[in-house]
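Trainee: Structure file final_7.tsv (TSV, C-alpha atoms and all ligand atoms) right here:
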chain	number	residue	atom	x	y	z
L	181	MET	CA	6.58	-6.16	26.96
L	182	VAL	CA	7.32	-2.92	25.18
L	183	SER	CA	10.12	-0.68	26.44
L	184	LYS	CA	9.99	3.07	27.05
L	185	ALA	CA	12.41	3.60	24.15
L	186	GLU	CA	10.10	1.60	21.86
L	187	THR	CA	7.05	3.66	22.90
L	188	HIS	CA	9.03	6.84	22.25
L	189	ALA	CA	10.08	5.46	18.85
L	190	MET	CA	6.45	4.60	17.99
L	191	LYS	CA	5.41	8.20	18.74
L	192	MET	CA	8.14	9.32	16.39
L	193	ALA	CA	7.03	6.80	13.71
L	194	LEU	CA	3.44	8.09	13.95
L	195	LYS	CA	4.68	11.65	13.53
L	196	LEU	CA	6.81	10.64	10.54
L	197	ALA	CA	3.85	8.82	8.97
L	198	LYS	CA	1.86	12.08	9.01
L	199	SER	CA	4.35	13.64	6.59
L	200	GLY	CA	2.67	11.61	3.83
L	201	ARG	CA	-0.78	13.10	4.52
L	202	GLY	CA	-2.82	13.61	1.36
L	203	MET	CA	-0.26	11.84	-0.84
L	204	THR	CA	-0.48	8.12	-0.08
L	205	PHE	CA	-4.12	7.22	-0.85
L	206	PRO	CA	-5.23	4.50	-1.60
L	207	ASN	CA	-2.24	3.36	0.46
L	208	PRO	CA	-2.04	4.07	4.20
L	209	MET	CA	0.30	6.58	5.83
L	210	VAL	CA	3.12	4.61	7.46
L	211	GLY	CA	6.19	5.55	9.51
L	212	ALA	CA	9.03	3.31	10.75
L	213	VAL	CA	11.97	3.70	13.13
L	214	ILE	CA	14.91	1.30	13.62
L	215	LEU	CA	16.62	0.85	16.97
L	216	ASP	CA	19.93	-1.07	17.07
L	217	ARG	CA	20.72	-3.90	19.54
L	218	ASP	CA	21.47	-1.30	22.25
L	219	GLY	CA	18.25	0.66	21.67
L	220	ASN	CA	19.89	3.54	19.76
L	221	HIS	CA	17.90	5.21	16.97
L	222	VAL	CA	19.77	4.26	13.78
L	223	GLY	CA	17.24	4.79	10.99
L	224	ASP	CA	13.74	5.93	10.06
L	225	GLY	CA	11.46	6.52	7.11
L	226	PHE	CA	7.90	7.14	5.98
L	227	HIS	CA	5.76	6.31	2.97
L	228	ARG	CA	5.95	9.47	0.87
L	229	LYS	CA	3.33	8.75	-1.77
L	230	CYS	CA	1.43	5.98	-3.49
L	231	GLY	CA	3.86	3.97	-5.66
L	232	ALA	CA	6.95	5.19	-3.74
L	233	PRO	CA	9.01	2.84	-1.48
L	234	HIS	CA	7.39	1.77	1.76
L	235	ALA	CA	8.41	3.25	5.14
L	236	GLU	CA	10.06	-0.02	6.27
L	237	VAL	CA	12.34	-0.17	3.21
L	238	ILE	CA	13.42	3.45	3.58
L	239	ALA	CA	14.09	2.98	7.31
L	240	LEU	CA	16.16	-0.17	6.66
L	241	ALA	CA	18.17	1.61	3.96
L	242	SER	CA	18.88	4.54	6.29
L	243	ALA	CA	19.99	2.18	9.10
L	244	GLY	CA	22.23	0.04	6.86
L	245	ASP	CA	24.14	-2.73	8.72
L	246	ALA	CA	23.11	-1.28	12.10
L	247	ALA	CA	19.64	-2.80	11.54
L	248	SER	CA	20.98	-6.35	11.98
L	249	GLY	CA	19.87	-7.73	15.35
L	250	GLY	CA	17.87	-4.55	15.97
L	251	THR	CA	14.20	-3.65	16.43
L	252	MET	CA	11.85	-2.16	13.87
L	253	ILE	CA	9.04	0.03	15.19
L	254	VAL	CA	6.34	0.48	12.55
L	255	THR	CA	2.86	2.01	12.59
L	256	LEU	CA	1.22	-0.71	10.45
L	257	GLU	CA	1.75	-4.41	9.79
L	258	PRO	CA	4.41	-4.73	7.03
L	259	CYS	CA	3.12	-5.91	3.65
L	260	CYS	CA	3.79	-9.45	2.47
L	261	HIS	CA	2.48	-9.20	-1.10
L	262	HIS	CA	3.86	-7.99	-4.40
L	263	GLY	CA	2.24	-4.63	-5.22
L	264	ARG	CA	3.99	-1.77	-6.98
L	265	THR	CA	6.92	-2.55	-4.66
L	266	GLY	CA	8.15	-5.93	-3.29
L	267	PRO	CA	7.04	-7.40	0.07
L	268	CYS	CA	8.46	-5.52	3.06
L	269	THR	CA	8.48	-8.75	5.09
L	270	ASP	CA	11.25	-10.15	2.82
L	271	GLU	CA	13.34	-6.99	3.30
L	272	ILE	CA	12.91	-7.10	7.09
L	273	ILE	CA	13.95	-10.76	7.27
L	274	ARG	CA	16.90	-10.13	4.92
L	275	ALA	CA	18.12	-7.18	7.05
L	276	GLY	CA	18.32	-9.42	10.15
L	277	ILE	CA	15.79	-7.52	12.29
L	278	SER	CA	15.21	-9.58	15.44
L	279	ARG	CA	12.20	-7.78	16.96
L	280	LEU	CA	9.25	-5.91	15.49
L	281	VAL	CA	6.84	-3.59	17.33
L	282	ILE	CA	3.71	-2.89	15.28
L	283	SER	CA	0.92	-0.47	16.13
L	284	MET	CA	-1.90	-2.19	14.23
L	285	THR	CA	-2.53	-5.09	11.85
L	286	ASP	CA	-3.44	-4.16	8.28
L	287	PRO	CA	-7.12	-4.97	7.51
L	288	ASP	CA	-6.30	-5.14	3.77
L	289	PRO	CA	-7.55	-8.67	2.91
L	290	ARG	CA	-4.18	-9.44	1.26
L	291	MET	CA	-2.61	-8.94	4.71
L	292	SER	CA	-4.79	-9.26	7.83
L	293	GLY	CA	-2.09	-10.80	9.98
L	294	GLU	CA	-0.32	-12.78	7.26
L	295	GLY	CA	2.65	-10.40	7.29
L	296	ILE	CA	3.02	-10.98	11.03
L	297	GLU	CA	2.81	-14.76	10.57
L	298	GLN	CA	5.60	-14.69	7.98
L	299	LEU	CA	7.83	-12.62	10.25
L	300	GLU	CA	7.20	-14.86	13.26
L	301	SER	CA	7.91	-17.96	11.16
L	302	ALA	CA	11.28	-16.41	10.36
L	303	GLY	CA	12.03	-16.24	14.11
L	304	ILE	CA	11.31	-12.51	14.59
L	305	VAL	CA	9.60	-11.58	17.88
L	306	VAL	CA	6.51	-9.48	17.04
L	307	GLU	CA	4.58	-7.22	19.46
L	308	THR	CA	1.32	-5.74	18.15
L	309	GLY	CA	-1.03	-3.04	19.44
L	310	LEU	CA	1.27	-0.27	20.70
L	311	LEU	CA	-0.61	3.08	20.42
L	312	SER	CA	-3.08	1.39	18.06
L	313	GLU	CA	-5.86	3.97	18.69
L	314	LYS	CA	-3.55	6.70	17.42
L	315	ALA	CA	-2.61	4.62	14.38
L	316	ARG	CA	-6.29	3.99	13.59
L	317	GLU	CA	-7.06	7.71	13.79
L	318	LEU	CA	-4.05	8.52	11.61
L	319	ASN	CA	-5.26	6.13	8.92
L	320	ARG	CA	-9.00	6.75	9.21
L	321	VAL	CA	-9.28	7.59	5.50
L	322	TYR	CA	-7.53	4.35	4.49
L	323	LEU	CA	-9.53	2.20	6.93
L	324	HIS	CA	-12.79	3.80	5.84
L	325	TYR	CA	-11.94	3.12	2.19
L	326	LEU	CA	-11.24	-0.56	2.90
L	327	GLU	CA	-14.58	-0.81	4.69
L	328	THR	CA	-16.82	1.19	2.35
L	329	ALA	CA	-14.91	1.74	-0.96
L	330	ARG	CA	-15.77	5.46	-0.56
L	331	SER	CA	-13.87	8.67	0.13
L	332	TRP	CA	-13.93	10.08	3.69
L	333	VAL	CA	-16.24	13.12	3.88
L	334	THR	CA	-15.68	16.00	6.29
L	335	LEU	CA	-18.42	18.59	6.56
L	336	LYS	CA	-17.08	22.05	7.35
L	337	ILE	CA	-19.54	24.71	8.45
L	338	ALA	CA	-19.18	28.26	9.76
L	339	LEU	CA	-22.01	29.01	12.18
L	340	SER	CA	-23.28	32.03	14.04
L	341	LEU	CA	-23.79	31.61	17.81
L	342	ASP	CA	-27.43	30.87	17.09
L	343	GLY	CA	-26.66	28.14	14.57
L	344	ARG	CA	-27.17	30.09	11.33
L	345	THR	CA	-24.93	29.74	8.26
L	346	ALA	CA	-26.06	32.79	6.29
L	347	ALA	CA	-28.13	35.92	6.79
L	348	ALA	CA	-31.69	36.15	5.45
L	349	ASP	CA	-30.44	37.54	2.10
L	350	GLY	CA	-28.11	34.52	1.67
L	351	SER	CA	-24.88	36.42	2.42
L	352	SER	CA	-22.48	34.33	4.52
L	353	LYS	CA	-18.99	35.57	3.66
L	354	TRP	CA	-16.93	36.49	6.71
L	355	ILE	CA	-19.07	34.83	9.39
L	356	SER	CA	-15.83	33.37	10.75
L	357	CYS	CA	-12.65	35.26	11.67
L	358	ASP	CA	-9.38	35.57	9.69
L	359	ARG	CA	-7.69	32.83	11.65
L	360	SER	CA	-10.52	30.35	11.00
L	361	ARG	CA	-10.54	31.20	7.31
L	362	ARG	CA	-6.81	30.58	7.19
L	363	HIS	CA	-7.35	27.22	8.88
L	364	VAL	CA	-9.96	26.35	6.25
L	365	GLN	CA	-7.38	27.07	3.55
L	366	LYS	CA	-5.08	24.54	5.24
L	367	MET	CA	-7.93	22.01	5.38
L	368	ARG	CA	-8.49	22.51	1.65
L	369	ALA	CA	-4.78	22.07	0.98
L	370	SER	CA	-4.72	18.68	2.70
L	371	ALA	CA	-8.04	17.42	1.26
L	372	GLY	CA	-8.21	15.37	-1.93
L	373	ALA	CA	-11.22	17.39	-3.08
L	374	VAL	CA	-13.45	20.27	-1.99
L	375	LEU	CA	-17.17	19.76	-2.59
L	376	THR	CA	-20.00	22.26	-2.77
L	377	GLY	CA	-23.55	22.52	-4.09
L	378	ALA	CA	-24.84	24.58	-6.99
L	379	GLY	CA	-26.76	26.71	-4.46
L	380	THR	CA	-23.52	28.00	-2.94
L	381	VAL	CA	-22.02	28.56	-6.39
L	382	ARG	CA	-25.05	30.64	-7.36
L	383	ALA	CA	-25.15	32.58	-4.05
L	384	ASP	CA	-21.45	33.18	-3.31
L	385	ASP	CA	-19.59	32.55	-6.59
L	386	PRO	CA	-16.63	31.02	-4.66
L	387	GLU	CA	-13.39	29.71	-6.21
L	388	LEU	CA	-12.69	27.23	-3.36
L	389	THR	CA	-8.96	27.23	-4.15
L	390	VAL	CA	-6.02	27.49	-1.73
L	391	ARG	CA	-4.76	31.03	-1.90
L	392	LEU	CA	-2.36	31.56	0.99
L	393	PRO	CA	1.12	32.55	-0.21
L	394	ASP	CA	2.88	30.67	2.60
L	395	ILE	CA	0.89	27.47	2.11
L	396	LEU	CA	1.97	26.01	-1.16
L	397	PRO	CA	-0.37	23.08	-1.70
L	398	ARG	CA	1.42	20.17	-3.32
L	399	ARG	CA	-1.45	20.49	-5.74
L	400	GLN	CA	-4.71	22.42	-5.68
L	401	PRO	CA	-7.49	20.12	-4.43
L	402	VAL	CA	-9.94	18.99	-7.05
L	403	ARG	CA	-13.18	20.98	-6.76
L	404	ILE	CA	-16.53	19.26	-7.17
L	405	VAL	CA	-19.90	20.96	-7.65
L	406	VAL	CA	-23.10	18.91	-7.52
L	407	SER	CA	-26.22	20.05	-9.27
L	408	ALA	CA	-29.53	18.41	-10.13
L	409	THR	CA	-30.27	20.97	-12.85
L	410	GLY	CA	-26.87	21.94	-14.29
L	411	ASP	CA	-28.03	25.54	-13.96
L	412	PHE	CA	-25.43	27.83	-12.41
L	413	GLY	CA	-26.83	31.11	-13.66
L	414	GLU	CA	-24.27	33.52	-15.04
L	415	SER	CA	-20.59	32.67	-15.65
L	416	ARG	CA	-18.98	31.48	-12.39
L	417	LYS	CA	-15.44	31.92	-11.05
L	418	ILE	CA	-15.03	28.30	-9.94
L	419	PHE	CA	-15.05	27.11	-13.55
L	420	ARG	CA	-12.64	29.78	-14.73
L	421	SER	CA	-10.02	29.41	-11.96
L	422	GLN	CA	-7.00	27.14	-12.40
L	423	GLY	CA	-7.18	23.43	-11.55
L	424	ARG	CA	-9.51	20.49	-12.00
L	425	VAL	CA	-13.24	21.06	-11.49
L	426	ILE	CA	-15.80	18.26	-11.64
L	427	ILE	CA	-19.47	18.99	-12.21
L	428	ALA	CA	-21.53	16.04	-10.90
L	429	VAL	CA	-25.03	15.92	-12.41
L	430	PRO	CA	-27.80	13.44	-13.20
L	431	GLU	CA	-27.91	12.09	-16.74
L	432	GLY	CA	-29.90	14.28	-19.09
L	433	VAL	CA	-28.93	17.76	-17.87
L	434	VAL	CA	-25.56	18.01	-19.60
L	435	THR	CA	-27.20	20.18	-22.28
L	436	ASN	CA	-27.47	22.93	-19.64
L	437	LEU	CA	-23.69	22.89	-19.21
L	438	THR	CA	-22.63	23.99	-22.69
L	439	GLU	CA	-21.05	27.16	-21.29
L	440	TYR	CA	-18.74	25.20	-18.94
L	441	LYS	CA	-18.21	21.63	-20.09
L	442	ASP	CA	-15.41	22.36	-22.56
L	443	MET	CA	-13.52	24.84	-20.36
L	444	PRO	CA	-9.92	23.78	-19.51
L	445	GLY	CA	-9.86	21.61	-16.37
L	446	VAL	CA	-13.64	21.15	-16.26
L	447	GLU	CA	-15.07	17.60	-16.35
L	448	VAL	CA	-18.67	16.49	-16.21
L	449	TRP	CA	-19.50	13.31	-14.29
L	450	GLU	CA	-22.96	12.00	-15.05
L	451	PHE	CA	-24.78	9.62	-12.70
L	452	PRO	CA	-28.21	7.97	-12.98
L	453	ALA	CA	-30.93	10.24	-11.57
L	454	ASP	CA	-31.88	9.11	-8.04
L	455	SER	CA	-35.54	8.10	-8.01
L	456	ARG	CA	-35.88	9.02	-4.26
L	457	ILE	CA	-34.73	12.63	-4.53
L	458	ARG	CA	-34.07	15.45	-6.96
L	459	GLY	CA	-30.50	14.78	-8.09
L	460	ILE	CA	-27.99	11.96	-7.80
L	461	ASP	CA	-27.20	9.27	-5.26
L	462	LEU	CA	-24.18	10.87	-3.58
L	463	THR	CA	-22.87	7.43	-2.54
L	464	LEU	CA	-22.00	6.85	-6.20
L	465	LEU	CA	-20.13	10.15	-6.27
L	466	PHE	CA	-17.90	9.19	-3.31
L	467	GLU	CA	-17.29	5.71	-4.76
L	468	ARG	CA	-16.11	7.36	-7.96
L	469	THR	CA	-13.90	9.89	-6.16
L	470	ALA	CA	-12.24	7.04	-4.24
L	471	LEU	CA	-11.63	5.14	-7.49
L	472	GLU	CA	-10.01	8.29	-8.89
L	473	GLY	CA	-7.55	8.36	-5.97
L	474	ILE	CA	-9.33	11.05	-3.92
L	475	GLY	CA	-9.17	9.80	-0.32
L	476	SER	CA	-10.87	12.67	1.49
L	477	VAL	CA	-13.49	15.21	0.49
L	478	LEU	CA	-14.04	18.48	2.35
L	479	CYS	CA	-17.62	19.66	1.92
L	480	GLU	CA	-18.28	23.41	2.12
L	481	ALA	CA	-21.92	23.68	1.17
L	482	GLY	CA	-25.20	25.24	2.20
L	483	SER	CA	-27.99	23.56	4.14
L	484	ASP	CA	-29.48	21.67	1.18
L	485	LEU	CA	-26.42	19.56	0.34
L	486	SER	CA	-25.25	19.33	3.98
L	487	THR	CA	-28.66	17.94	4.97
L	488	ARG	CA	-28.69	15.46	2.07
L	489	LEU	CA	-25.25	14.17	3.07
L	490	LEU	CA	-26.25	13.69	6.71
L	491	LYS	CA	-29.53	12.00	5.77
L	492	ASP	CA	-27.65	9.59	3.53
L	493	GLU	CA	-25.14	8.93	6.37
L	494	LEU	CA	-22.28	10.00	4.13
L	495	VAL	CA	-20.68	12.54	6.49
L	496	ASP	CA	-17.81	10.92	8.39
L	497	SER	CA	-16.58	13.91	10.41
L	498	VAL	CA	-17.45	17.54	10.99
L	499	SER	CA	-15.41	20.68	11.53
L	500	ILE	CA	-17.74	23.37	12.85
L	501	PHE	CA	-16.55	26.94	13.43
L	502	THR	CA	-18.84	28.91	15.75
L	503	ALA	CA	-18.41	32.67	15.49
L	504	PRO	CA	-19.51	35.29	18.06
L	505	VAL	CA	-22.25	36.74	15.86
L	506	ILE	CA	-26.03	36.39	16.06
L	507	LEU	CA	-28.14	36.28	12.89
L	508	GLY	CA	-31.58	35.65	14.36
L	509	GLY	CA	-34.44	33.52	13.14
L	510	GLY	CA	-34.38	34.98	9.61
L	511	GLY	CA	-30.90	33.56	9.06
L	512	ARG	CA	-30.42	30.28	7.20
L	513	PRO	CA	-30.17	27.18	9.40
L	514	ALA	CA	-27.20	24.82	9.03
L	515	PHE	CA	-29.52	21.91	8.29
L	516	GLU	CA	-33.04	21.36	7.11
L	517	LEU	CA	-35.32	18.75	8.68
L	518	LEU	CA	-33.37	15.61	9.50
L	519	GLY	CA	-36.29	13.61	10.84
L	520	ILE	CA	-35.02	13.88	14.41
L	521	ASN	CA	-38.03	14.26	16.70
L	522	SER	CA	-36.52	13.38	20.03
L	523	ILE	CA	-33.18	13.94	21.75
L	524	GLY	CA	-32.65	10.18	21.77
L	525	ASN	CA	-32.46	10.31	17.97
L	526	ALA	CA	-29.90	13.12	17.84
L	527	ILE	CA	-26.88	12.63	15.63
L	528	ARG	CA	-23.90	12.57	17.98
L	529	LEU	CA	-20.17	13.02	17.66
L	530	GLU	CA	-17.34	10.96	19.10
L	531	ASN	CA	-13.61	11.69	19.44
L	532	VAL	CA	-14.65	15.31	19.93
L	533	SER	CA	-12.13	18.12	20.20
L	534	SER	CA	-12.96	21.76	20.81
L	535	ARG	CA	-10.60	24.68	20.72
L	536	ARG	CA	-10.30	28.42	20.14
L	537	SER	CA	-9.71	29.58	16.59
L	538	GLY	CA	-9.12	33.33	16.90
L	539	SER	CA	-12.45	34.75	18.08
L	540	ASP	CA	-14.29	31.55	17.01
L	541	PHE	CA	-14.55	28.05	18.45
L	542	LEU	CA	-13.72	25.03	16.33
L	543	THR	CA	-15.46	21.76	17.25
L	544	GLU	CA	-14.40	18.62	15.42
L	545	GLY	CA	-15.48	15.01	15.71
L	546	ARG	CA	-16.61	11.88	13.99
L	547	ILE	CA	-20.28	11.37	13.29
L	548	VAL	CA	-21.95	8.43	14.98
L	549	TYR	CA	-25.01	7.16	13.14
L	550	ARG	CA	-27.60	5.12	15.00
L	551	THR	CA	-27.46	1.46	14.11
L	552	ASP	CA	-30.78	0.32	15.68
N	1	LIG	N1	-21.63	29.27	6.60
N	1	LIG	C1	-21.20	28.30	5.84
N	1	LIG	O1	-20.37	27.48	6.27
N	1	LIG	C2	-21.69	28.19	4.41
N	1	LIG	C3	-20.98	27.36	3.53
N	1	LIG	C4	-21.47	27.26	2.23
N	1	LIG	C5	-22.62	27.96	1.86
N	1	LIG	N2	-23.24	28.76	2.74
N	1	LIG	C6	-24.45	29.51	2.36
N	1	LIG	O2	-25.45	28.58	1.98
N	1	LIG	C7	-26.34	29.20	1.08
N	1	LIG	C8	-26.63	28.25	-0.07
N	1	LIG	O3	-27.29	27.13	0.47
N	1	LIG	P1	-28.05	26.09	-0.42
N	1	LIG	O4	-28.66	25.11	0.48
N	1	LIG	O5	-28.88	26.79	-1.41
N	1	LIG	O6	-26.85	25.50	-1.30
N	1	LIG	P2	-26.00	24.16	-1.35
N	1	LIG	O7	-26.43	23.19	-0.34
N	1	LIG	O8	-24.58	24.54	-1.43
N	1	LIG	O9	-26.44	23.65	-2.79
N	1	LIG	C9	-27.71	23.11	-3.00
N	1	LIG	C10	-27.79	22.58	-4.40
N	1	LIG	O10	-26.89	21.50	-4.56
N	1	LIG	C11	-27.43	20.62	-5.53
N	1	LIG	N3	-27.63	19.32	-4.90
N	1	LIG	C12	-27.87	19.02	-3.59
N	1	LIG	N4	-27.99	17.69	-3.43
N	1	LIG	C13	-27.85	17.15	-4.66
N	1	LIG	C14	-27.88	15.83	-5.16
N	1	LIG	N5	-28.10	14.77	-4.36
N	1	LIG	N6	-27.67	15.65	-6.48
N	1	LIG	C15	-27.43	16.69	-7.30
N	1	LIG	N7	-27.41	17.96	-6.90
N	1	LIG	C16	-27.61	18.18	-5.58
N	1	LIG	C17	-28.75	21.20	-6.01
N	1	LIG	O11	-28.40	22.00	-7.13
N	1	LIG	P3	-29.45	22.51	-8.26
N	1	LIG	O12	-30.31	23.53	-7.62
N	1	LIG	O13	-28.62	23.07	-9.35
N	1	LIG	O14	-30.19	21.32	-8.70
N	1	LIG	C18	-29.14	22.03	-4.81
N	1	LIG	O15	-30.06	23.05	-5.08
N	1	LIG	C19	-25.68	30.47	0.63
N	1	LIG	O16	-26.33	31.55	1.26
N	1	LIG	C20	-24.28	30.34	1.12
N	1	LIG	O17	-23.74	31.61	1.42
N	1	LIG	C21	-22.80	28.89	4.01
I need this file expressed as structure tokens, please.
Mentor:
Amino acid sequence: MVSKAETHAMKMALKLAKSGRGMTFPNPMVGAVILDRDGNHVGDGFHRKCGAPHAEVIALASAGDAASGGTMIVTLEPCCHHGRTGPCTDEIIRAGISRLVISMTDPDPRMSGEGIEQLESAGIVVETGLLSEKARELNRVYLHYLETARSWVTLKIALSLDGRTAAADGSSKWISCDRSRRHVQKMRASAGAVLTGAGTVRADDPELTVRLPDILPRRQPVRIVVSATGDFGESRKIFRSQGRVIIAVPEGVVTNLTEYKDMPGVEVWEFPADSRIRGIDLTLLFERTALEGIGSVLCEAGSDLSTRLLKDELVDSVSIFTAPVILGGGGRPAFELLGINSIGNAIRLENVSSRRSGSDFLTEGRIVYRTD
């Protein structure tokens, strides 16, 4: 049985865990709260960044002797292995914690319940599963990485009411309102990388940086541009702006990149040409980004790349802004043909939220791909 005070403490631990967003990958975000024998809050902590002390250790240090005989509330099963830091299970046992309330077990194969077993063997009472849905959502990037070894991809699109992303001449700037554009800046600031296609670079010449004075990103997100040709036309802002820019191309086109490849901050990632399509297998791109410590990728592209990503089942969630403008049939559609010929084959969303964003509507959700 879990008490009201423990549920309240778990909500607090989940909130604390969020403070590490964007900094902990490939580790999870974790928060912990310590209640003393009488149920008083005596300590808390969260995992600040990969390589830094774990939430449990920080919470125990902040509680000091008051932790002895108390309860630890933690959003994820404590680790029991030697990584960059020592096992948290040892610290918990040493501190004399008598009860542990955990939101979810850690699917990391080095853990998967072993941490809980160790704690129970030491005589600690362990309750698991409190607010586990919330903990899973919080750590979706981490869980996805353990399952697929890829970065989490969010597709962001600004649409007209009639589902168009650009006018007939290709212009799309300012479809969405000020407030939505500000929100997109925040999304960029918390993403590991922002991705676009060469088509958008050629049409809009965007920088894709975070430029709001009151949002100081802990670091500018990496920007990634994919191209099958390496042809960006004339000199583009994205390569000249500050920060790291990756150009992802198939082998053999690097000769087209002489203008950019030696610019400060610019890197070229070459992948084998994909025999099925013009360009590269984007799965390989997201495996490489994950290996480089980029947990989440925000894609802001036109219909060509957005369609490719959906077809390859690489989009994990969408953030779609719908603006009160109509562009008509000449406007560019959000997606090209996806091979969906009946409503039963539609790509659907789950965990959907929908809310106002200034004069626009923002719909967000996870993509569900058909498994049959
Ligand atoms: N409303 C919105 O939210 C929004 C957002 C972004 C853009 N847009 C609009 O979208 C329009 C541009 O759309 P678009 O479809 O032309 O551009 P896009 O999807 O951004 O880029 C397409 C290009 O990406 C590259 N690419 C795609 N898949 C690839 C793969 N698997 N491997 C390697 N390269 C790959 C190719 O580059 P190469 O041609 O170099 O081979 C391809 O031509 C513009 O009008 C822009 O304003 C709207």
Trainee: Which residue gives the smallest distance to ligand LIG 1 (chain N) among L:Tyr440, L:Phe412, L:Phe205, L:Phe419, with all atoms listed in the file counted?
Mentor: L:Phe412
Trainee: Between L:Gly545, L:Gly372, L:Pro504, L:Pro386, single out the one closest to ligand LIG 1 (chain N), counting only C-alpha atoms and all ligand atoms.
Mentor: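 Residue with the minimum atom-to-atom distance to ligand LIG 1 (chain N): L:Pro386.
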Trainee: Neighbours of region 265-274 of chain L within 12 Å (all atoms listed in the file; same-chain residues fewer than 4 positions away dropped), as number ranges by chain?
Mentor: L: 212, 214, 227, 230-241, 243-245, 247-254, 256-261, 278-280, 290-291, 293-305
Trainee: From the list L:Val222, L:Leu310, L:Ala453, L:Ala371, which residue is nearest Met190 (chain L) when using all atoms listed in the file?
Mentor: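 For Met190 (chain L), the nearest of the given residues is L:Leu310.
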Trainee: Mind checking which residues fall within 12 Å of Leu341 (chain L), counting only C-alpha atoms, ignoring those fewer than 6 positions away in the same chain, and posting them as a list in words?
Mentor: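 Everything that qualifies: Ile355, Ser356, Ile500, Phe501, Thr502, Ala503, Pro504, Val505, Ile506, Leu507, Gly508, Gly509, Gly511, Pro513, Ala514, Ser539, Asp540 and Phe541 of chain L.
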Trainee: Please check which protein, DNA or RNA residues sit within 6 Å of ligand LIG 1 (chain N), counting all atoms listed in the file, and write them as a PDB file with C-alpha atoms, in the frame of the given file.
Mentor:
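selection.pdb, written as the output of this step:
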ATOM      1  CA  ILE L 337     -19.540  24.710   8.450  1.00  0.00           C
ATOM      2  CA  ALA L 338     -19.180  28.260   9.760  1.00  0.00           C
ATOM      3  CA  LEU L 339     -22.010  29.010  12.180  1.00  0.00           C
ATOM      4  CA  THR L 345     -24.930  29.740   8.260  1.00  0.00           C
ATOM      5  CA  ALA L 346     -26.060  32.790   6.290  1.00  0.00           C
ATOM      6  CA  GLY L 350     -28.110  34.520   1.670  1.00  0.00           C
ATOM      7  CA  SER L 351     -24.880  36.420   2.420  1.00  0.00           C
ATOM      8  CA  SER L 352     -22.480  34.330   4.520  1.00  0.00           C
ATOM      9  CA  THR L 376     -20.000  22.260  -2.770  1.00  0.00           C
ATOM     10  CA  GLY L 377     -23.550  22.520  -4.090  1.00  0.00           C
ATOM     11  CA  ALA L 378     -24.840  24.580  -6.990  1.00  0.00           C
ATOM     12  CA  GLY L 379     -26.760  26.710  -4.460  1.00  0.00           C
ATOM     13  CA  THR L 380     -23.520  28.000  -2.940  1.00  0.00           C
ATOM     14  CA  ALA L 383     -25.150  32.580  -4.050  1.00  0.00           C
ATOM     15  CA  ASP L 384     -21.450  33.180  -3.310  1.00  0.00           C
ATOM     16  CA  VAL L 406     -23.100  18.910  -7.520  1.00  0.00           C
ATOM     17  CA  SER L 407     -26.220  20.050  -9.270  1.00  0.00           C
ATOM     18  CA  ALA L 408     -29.530  18.410 -10.130  1.00  0.00           C
ATOM     19  CA  THR L 409     -30.270  20.970 -12.850  1.00  0.00           C
ATOM     20  CA  GLY L 410     -26.870  21.940 -14.290  1.00  0.00           C
ATOM     21  CA  ASP L 411     -28.030  25.540 -13.960  1.00  0.00           C
ATOM     22  CA  VAL L 429     -25.030  15.920 -12.410  1.00  0.00           C
ATOM     23  CA  GLY L 459     -30.500  14.780  -8.090  1.00  0.00           C
ATOM     24  CA  ILE L 460     -27.990  11.960  -7.800  1.00  0.00           C
ATOM     25  CA  ASP L 461     -27.200   9.270  -5.260  1.00  0.00           C
ATOM     26  CA  LEU L 462     -24.180  10.870  -3.580  1.00  0.00           C
ATOM     27  CA  GLU L 480     -18.280  23.410   2.120  1.00  0.00           C
ATOM     28  CA  ALA L 481     -21.920  23.680   1.170  1.00  0.00           C
ATOM     29  CA  GLY L 482     -25.200  25.240   2.200  1.00  0.00           C
ATOM     30  CA  SER L 483     -27.990  23.560   4.140  1.00  0.00           C
ATOM     31  CA  ASP L 484     -29.480  21.670   1.180  1.00  0.00           C
ATOM     32  CA  LEU L 485     -26.420  19.560   0.340  1.00  0.00           C
ATOM     33  CA  SER L 486     -25.250  19.330   3.980  1.00  0.00           C
ATOM     34  CA  ARG L 488     -28.690  15.460   2.070  1.00  0.00           C
TER      35      ARG L 488
END
Trainee: Could you please determine the separation between CA of Arg228 (chain L) and CA of Ser499 (chain L) in Å, to one decimal place?
Mentor: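 Atom-to-atom, CA of Arg228 (chain L) to CA of Ser499 (chain L), that is 26.4 Å.
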Trainee: Enter the distance from CA of Gly219 (chain L) to CA of Arg201 (chain L), in Å, rounded to one decimal.
Mentor: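 Calculated distance between CA of Gly219 (chain L) and CA of Arg201 (chain L) is 28.5 Å.
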Trainee: Separation of CA of Ala470 (chain L) and CA of Tyr549 (chain L), in Å?
Mentor: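 Spanning CA of Ala470 (chain L) to CA of Tyr549 (chain L) is a straight-line distance of 21.6 Å.
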Trainee: If we count only C-alpha atoms, what is near Glu530 (chain L) at a cut-off of 7 Å, once residues fewer than 3 positions away on the same chain are taken out, given as a ChimeraX atom specification?
Mentor: /L:545-548
Trainee: Leaving out region 324-329 of chain L and any residue of its chain fewer than 2 positions from it, which residues lie within 10 Å of it when counting only C-alpha atoms, given as number ranges by chain?
Mentor: L: 205-207, 287-289, 319-322, 331-332, 463, 466-471, 475-476, 496
Trainee: Which is closer to Ser183 (chain L) than all the others in L:Val425, L:Ala197, L:Val498, L:Val281, using all atoms listed in the file?
Mentor: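 Closest to Ser183 (chain L) of all the choices is L:Val281.
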